[in-house]
>>> print(open('target-v5.pdb').read())   # PDB, C-alpha atoms
MODEL        1
ATOM      1  CA  MET A1048     -47.847  19.917 -25.103
ATOM      2  CA  GLU A1049     -48.964  22.964 -27.033
ATOM      3  CA  ILE A1050     -47.943  26.613 -26.730
ATOM      4  CA  ALA A1051     -50.775  29.107 -27.144
ATOM      5  CA  ALA A1052     -51.566  32.729 -26.366
ATOM      6  CA  ALA A1053     -52.740  33.290 -22.799
ATOM      7  CA  THR A1054     -55.759  35.499 -22.068
ATOM      8  CA  ILE A1055     -57.641  36.868 -19.085
ATOM      9  CA  LEU A1056     -59.601  33.602 -19.124
ATOM     10  CA  ASP A1057     -56.398  31.950 -17.842
ATOM     11  CA  LEU A1058     -56.301  34.074 -14.680
ATOM     12  CA  LYS A1059     -57.295  31.317 -12.244
ATOM     13  CA  ALA A1060     -54.849  28.791 -13.719
ATOM     14  CA  LEU A1061     -52.055  31.389 -13.826
ATOM     15  CA  ARG A1062     -52.644  32.362 -10.204
ATOM     16  CA  LYS A1063     -52.346  28.720  -9.149
ATOM     17  CA  LEU A1064     -49.190  28.233 -11.260
ATOM     18  CA  GLU A1065     -47.569  31.398  -9.844
ATOM     19  CA  LYS A1066     -48.197  30.305  -6.255
ATOM     20  CA  GLU A1067     -46.873  26.804  -6.951
ATOM     21  CA  SER A1068     -43.804  28.069  -8.801
ATOM     22  CA  PHE A1069     -42.816  31.132  -6.798
ATOM     23  CA  ASP A1070     -44.508  30.856  -3.397
ATOM     24  CA  ARG A1071     -43.296  34.008  -1.589
ATOM     25  CA  ASP A1072     -42.511  35.782  -4.869
ATOM     26  CA  ALA A1073     -45.842  35.038  -6.566
ATOM     27  CA  TRP A1074     -47.326  38.083  -8.238
ATOM     28  CA  PRO A1075     -50.391  39.630  -6.592
ATOM     29  CA  LEU A1076     -53.735  39.410  -8.368
ATOM     30  CA  VAL A1077     -53.512  42.930  -9.827
ATOM     31  CA  ASP A1078     -50.170  42.107 -11.497
ATOM     32  CA  LEU A1079     -51.569  38.888 -12.954
ATOM     33  CA  ILE A1080     -54.523  40.793 -14.409
ATOM     34  CA  ALA A1081     -52.100  43.348 -15.865
ATOM     35  CA  VAL A1082     -49.832  40.760 -17.484
ATOM     36  CA  LEU A1083     -52.864  39.109 -19.075
ATOM     37  CA  THR A1084     -54.367  42.354 -20.411
ATOM     38  CA  PHE A1085     -51.689  44.990 -21.153
ATOM     39  CA  PRO A1086     -51.588  45.381 -24.948
ATOM     40  CA  GLU A1087     -47.836  45.152 -25.626
ATOM     41  CA  VAL A1088     -47.136  42.163 -23.371
ATOM     42  CA  ILE A1089     -46.367  38.810 -24.971
ATOM     43  CA  ARG A1090     -48.090  36.123 -22.913
ATOM     44  CA  LEU A1091     -47.856  32.476 -23.754
ATOM     45  CA  LYS A1092     -48.984  29.349 -21.980
ATOM     46  CA  ALA A1093     -47.964  25.731 -22.262
ATOM     47  CA  VAL A1094     -51.000  23.472 -22.279
ATOM     48  CA  ASP A1095     -51.101  19.749 -21.629
ATOM     49  CA  ASP A1096     -54.353  17.793 -21.640
ATOM     50  CA  GLY A1097     -56.329  21.045 -21.542
ATOM     51  CA  GLY A1098     -54.557  22.507 -18.505
ATOM     52  CA  MET A1099     -51.941  25.237 -18.134
ATOM     53  CA  VAL A1100     -48.599  23.685 -17.199
ATOM     54  CA  GLY A1101     -46.368  26.641 -18.028
ATOM     55  CA  PHE A1102     -46.443  30.387 -18.625
ATOM     56  CA  ILE A1103     -44.125  33.123 -19.864
ATOM     57  CA  ALA A1104     -44.561  36.865 -20.274
ATOM     58  CA  GLY A1105     -42.322  39.211 -22.225
ATOM     59  CA  ASP A1106     -42.269  42.981 -22.494
ATOM     60  CA  PRO A1107     -40.723  44.262 -25.741
ATOM     61  CA  ARG A1108     -38.897  47.537 -25.124
ATOM     62  CA  ARG A1109     -38.121  48.416 -28.702
ATOM     63  CA  ARG A1110     -36.867  51.933 -27.964
ATOM     64  CA  GLU A1111     -34.255  50.480 -25.607
ATOM     65  CA  GLY A1112     -33.390  47.668 -28.047
ATOM     66  CA  TRP A1113     -34.228  44.811 -25.717
ATOM     67  CA  GLY A1114     -37.124  42.886 -24.265
ATOM     68  CA  TRP A1115     -37.788  41.876 -20.690
ATOM     69  CA  ILE A1116     -38.789  38.322 -19.803
ATOM     70  CA  ALA A1117     -40.985  39.176 -16.815
ATOM     71  CA  THR A1118     -41.806  35.655 -15.667
ATOM     72  CA  VAL A1119     -41.309  32.027 -16.611
ATOM     73  CA  ALA A1120     -43.129  29.325 -14.668
ATOM     74  CA  VAL A1121     -43.558  25.585 -15.169
ATOM     75  CA  ALA A1122     -45.676  23.351 -12.952
ATOM     76  CA  THR A1123     -43.556  21.216 -10.643
ATOM     77  CA  THR A1124     -44.673  17.901 -12.118
ATOM     78  CA  PHE A1125     -43.866  19.100 -15.661
ATOM     79  CA  ARG A1126     -40.354  20.401 -15.081
ATOM     80  CA  ARG A1127     -37.295  18.989 -16.869
ATOM     81  CA  ARG A1128     -39.332  18.185 -19.989
ATOM     82  CA  GLY A1129     -38.232  21.151 -22.103
ATOM     83  CA  ILE A1130     -41.371  23.216 -21.461
ATOM     84  CA  GLY A1131     -39.481  26.194 -20.020
ATOM     85  CA  THR A1132     -37.081  26.126 -22.959
ATOM     86  CA  ALA A1133     -39.941  25.931 -25.467
ATOM     87  CA  LEU A1134     -41.730  28.859 -23.817
ATOM     88  CA  LEU A1135     -38.503  30.875 -23.744
ATOM     89  CA  HIS A1136     -37.854  30.273 -27.454
ATOM     90  CA  ALA A1137     -41.427  31.162 -28.407
ATOM     91  CA  CYS A1138     -41.355  34.389 -26.400
ATOM     92  CA  GLU A1139     -37.918  35.406 -27.697
ATOM     93  CA  GLN A1140     -39.159  34.988 -31.281
ATOM     94  CA  GLN A1141     -42.123  37.265 -30.629
ATOM     95  CA  LEU A1142     -40.216  40.012 -28.799
ATOM     96  CA  GLY A1143     -38.956  41.552 -32.041
ATOM     97  CA  VAL A1144     -35.859  43.066 -30.408
ATOM     98  CA  PRO A1145     -32.127  42.249 -30.674
ATOM     99  CA  ARG A1146     -31.632  41.347 -26.981
ATOM    100  CA  SER A1147     -33.568  39.750 -24.160
ATOM    101  CA  ARG A1148     -33.111  40.289 -20.412
ATOM    102  CA  LEU A1149     -34.441  38.624 -17.276
ATOM    103  CA  THR A1150     -33.838  38.321 -13.550
ATOM    104  CA  VAL A1151     -33.477  35.160 -11.510
ATOM    105  CA  ARG A1152     -32.908  34.436  -7.825
ATOM    106  CA  ILE A1153     -29.227  33.854  -7.152
ATOM    107  CA  SER A1154     -30.189  30.571  -5.431
ATOM    108  CA  ASN A1155     -32.259  29.251  -8.356
ATOM    109  CA  THR A1156     -29.481  27.140  -9.844
ATOM    110  CA  GLY A1157     -31.844  25.125 -12.034
ATOM    111  CA  ALA A1158     -33.185  28.210 -13.803
ATOM    112  CA  ILE A1159     -29.718  29.760 -14.045
ATOM    113  CA  SER A1160     -28.430  26.575 -15.728
ATOM    114  CA  LEU A1161     -31.322  26.669 -18.197
ATOM    115  CA  TYR A1162     -30.656  30.306 -19.080
ATOM    116  CA  GLU A1163     -26.916  29.703 -19.458
ATOM    117  CA  ARG A1164     -27.619  26.753 -21.795
ATOM    118  CA  GLU A1165     -29.767  29.160 -23.801
ATOM    119  CA  SER A1166     -26.843  31.646 -24.107
ATOM    120  CA  TYR A1167     -27.890  34.103 -21.418
ATOM    121  CA  LYS A1168     -24.969  35.816 -19.696
ATOM    122  CA  THR A1169     -24.892  37.545 -16.317
ATOM    123  CA  ILE A1170     -24.673  41.325 -16.760
ATOM    124  CA  ASP A1171     -25.505  42.562 -13.256
ATOM    125  CA  VAL A1172     -26.512  41.595  -9.725
ATOM    126  CA  TRP A1173     -29.318  43.493  -8.028
ATOM    127  CA  LYS A1174     -28.678  43.377  -4.292
ATOM    128  CA  ALA A1175     -31.620  42.481  -2.019
ATOM    129  CA  TYR A1176     -34.021  42.495  -4.984
ATOM    130  CA  TYR A1177     -36.458  39.963  -3.560
ATOM    131  CA  SER A1178     -38.732  40.588  -0.583
ATOM    132  CA  ASP A1179     -36.646  38.327   1.654
ATOM    133  CA  GLY A1180     -33.447  40.197   0.779
ATOM    134  CA  GLU A1181     -32.020  37.672  -1.687
ATOM    135  CA  ASP A1182     -30.066  39.038  -4.648
ATOM    136  CA  ALA A1183     -31.209  38.755  -8.260
ATOM    137  CA  ILE A1184     -28.948  37.982 -11.193
ATOM    138  CA  VAL A1185     -29.715  40.008 -14.308
ATOM    139  CA  MET A1186     -29.022  38.022 -17.460
ATOM    140  CA  GLU A1187     -29.015  39.016 -21.114
ATOM    141  CA  LYS A1188     -28.993  37.198 -24.440
ATOM    142  CA  ASN A1189     -28.351  38.452 -27.951
ATOM    143  CA  LEU A1190     -31.210  37.246 -30.088
TER     144      LEU A1190
ENDMDL
END
>>> encode(input="target-v5.pdb", output="structure tokens")
Amino acid sequence: MEIAAATILDLKALRKLEKESFDRDAWPLVDLIAVLTFPEVIRLKAVDDGGMVGFIAGDPRRREGWGWIATVAVATTFRRRGIGTALLHACEQQLGVPRSRLTVRISNTGAISLYERESYKTIDVWKAYYSDGEDAIVMEKNL
């Protein structure tokens, strides 16, 4: 597995990964194009045997002193192999800010466990954040 910069050429693979990973919360096409083209966004992909098996995007907000992990996705058949952790570490290193934040569905216990192992702490709960009304946990880590 290799971690590399993602580009607009990864749009089709990213769209497939988003739908597989997030189903009802998958980003629409316009958001995927934005995340792959906006200049400040950190976008990394995990590649195995030439195919995208993971993706992360981070938005450094230097004026606020923190960065936002906008999305982390790993293909179902590649989960529990450390790919999400590797992507998280790589993105955190490139953010160039003292803290990192992210949101996660309150029911996504697997992701919450990963973030807690990586020293993220819950700082807020956003009520009815997701389209189906589920709450989001906001987590933060000192980098």
>>> atom_distance(input="target-v5.pdb", atom1="CA of Asn1189 (chain A)", atom2="CA of Arg1146 (chain A)")
4.5 Å
>>> closest_residue(input="target-v5.pdb", among="A:Leu1083, A:Ile1050, A:Ile1055, A:Ile1089", to="Thr1132 (chain A)", atoms="all atoms listed in the file")
A:Ile1050
>>> axis_aligned_box(input="target-v5.pdb", around="region 1113-1131 of chain A", padding_each_side="6 Å", output="lines of an AutoDock Vina configuration file")
center_x = -40.0
center_y = 31.4
center_z = -18.2
size_x = 23.4
size_y = 38.9
size_z = 27.1
>>> resolve_selection(input="target-v5.pdb", expression="the PyMOL selection byres ((chain A and resi 1155) around 12)", output="PyMOL selection string")
chain A and resi 1068-1069+1150-1154+1156-1162+1181-1184
>>> closest_atom_pairs(input="target-v5.pdb", of="region 1132-1188 of chain A", to="region 1111-1118 of chain A", cutoff="9 Å", atoms="all atoms listed in the file", output="CSV")
residue,atom,partner,partner_atom,distance
A:Leu1135,CA,A:Ile1116,CA,8.4
A:Cys1138,CA,A:Ile1116,CA,8.1
A:Glu1139,CA,A:Gly1114,CA,8.3
A:Leu1142,CA,A:Gly1114,CA,6.2
A:Gly1143,CA,A:Gly1114,CA,8.1
A:Val1144,CA,A:Trp1113,CA,5.3
A:Pro1145,CA,A:Trp1113,CA,6.0
A:Arg1146,CA,A:Trp1113,CA,4.5
A:Ser1147,CA,A:Gly1114,CA,4.7
A:Arg1148,CA,A:Trp1115,CA,4.9
A:Leu1149,CA,A:Ile1116,CA,5.0
A:Thr1150,CA,A:Ala1117,CA,7.9
>>> atom_distance(input="target-v5.pdb", atom1="CA of Tyr1167 (chain A)", atom2="CA of Ala1093 (chain A)")
21.8 Å
>>> build_atoms(input="target-v5.pdb", residues="region 1103-1125 of chain A", atoms="N, CA and C atoms", output="tab-separated table (two decimals), keeping the file's coordinate frame")
chain	number	residue	atom	x	y	z
A	1103	ILE	N	-45.20	32.14	-19.71
A	1103	ILE	CA	-44.12	33.12	-19.86
A	1103	ILE	C	-44.75	34.44	-20.31
A	1104	ALA	N	-44.14	35.53	-19.84
A	1104	ALA	CA	-44.56	36.86	-20.27
A	1104	ALA	C	-43.33	37.66	-20.65
A	1105	GLY	N	-43.42	38.38	-21.75
A	1105	GLY	CA	-42.32	39.21	-22.22
A	1105	GLY	C	-42.80	40.61	-22.55
A	1106	ASP	N	-41.96	41.58	-22.27
A	1106	ASP	CA	-42.27	42.98	-22.49
A	1106	ASP	C	-41.27	43.55	-23.49
A	1107	PRO	N	-41.65	43.71	-24.75
A	1107	PRO	CA	-40.72	44.26	-25.74
A	1107	PRO	C	-40.50	45.76	-25.49
A	1108	ARG	N	-39.26	46.13	-25.35
A	1108	ARG	CA	-38.90	47.54	-25.12
A	1108	ARG	C	-38.08	47.98	-26.33
A	1109	ARG	N	-38.77	48.16	-27.42
A	1109	ARG	CA	-38.12	48.42	-28.70
A	1109	ARG	C	-37.24	49.66	-28.69
A	1110	ARG	N	-37.66	50.71	-28.00
A	1110	ARG	CA	-36.87	51.93	-27.96
A	1110	ARG	C	-35.53	51.72	-27.26
A	1111	GLU	N	-35.50	50.79	-26.31
A	1111	GLU	CA	-34.26	50.48	-25.61
A	1111	GLU	C	-33.45	49.40	-26.32
A	1112	GLY	N	-34.08	48.70	-27.28
A	1112	GLY	CA	-33.39	47.67	-28.05
A	1112	GLY	C	-33.34	46.31	-27.37
A	1113	TRP	N	-34.19	46.10	-26.39
A	1113	TRP	CA	-34.23	44.81	-25.72
A	1113	TRP	C	-35.63	44.55	-25.18
A	1114	GLY	N	-35.86	43.29	-24.86
A	1114	GLY	CA	-37.12	42.89	-24.26
A	1114	GLY	C	-36.88	42.29	-22.90
A	1115	TRP	N	-37.90	42.35	-22.06
A	1115	TRP	CA	-37.79	41.88	-20.69
A	1115	TRP	C	-38.66	40.63	-20.52
A	1116	ILE	N	-38.03	39.52	-20.16
A	1116	ILE	CA	-38.79	38.32	-19.80
A	1116	ILE	C	-39.22	38.53	-18.35
A	1117	ALA	N	-40.49	38.80	-18.14
A	1117	ALA	CA	-40.98	39.18	-16.82
A	1117	ALA	C	-41.18	37.97	-15.90
A	1118	THR	N	-41.58	36.86	-16.47
A	1118	THR	CA	-41.81	35.66	-15.67
A	1118	THR	C	-41.78	34.42	-16.55
A	1119	VAL	N	-41.27	33.35	-15.99
A	1119	VAL	CA	-41.31	32.03	-16.61
A	1119	VAL	C	-41.66	31.05	-15.49
A	1120	ALA	N	-42.71	30.29	-15.69
A	1120	ALA	CA	-43.13	29.32	-14.67
A	1120	ALA	C	-43.54	28.02	-15.33
A	1121	VAL	N	-43.15	26.92	-14.71
A	1121	VAL	CA	-43.56	25.58	-15.17
A	1121	VAL	C	-44.00	24.81	-13.94
A	1122	ALA	N	-45.14	24.14	-14.06
A	1122	ALA	CA	-45.68	23.35	-12.95
A	1122	ALA	C	-44.64	22.32	-12.52
A	1123	THR	N	-44.57	22.10	-11.23
A	1123	THR	CA	-43.56	21.22	-10.64
A	1123	THR	C	-43.50	19.86	-11.32
A	1124	THR	N	-44.64	19.24	-11.55
A	1124	THR	CA	-44.67	17.90	-12.12
A	1124	THR	C	-44.34	17.87	-13.61
A	1125	PHE	N	-44.18	19.03	-14.23
A	1125	PHE	CA	-43.87	19.10	-15.66
A	1125	PHE	C	-42.47	19.64	-15.94
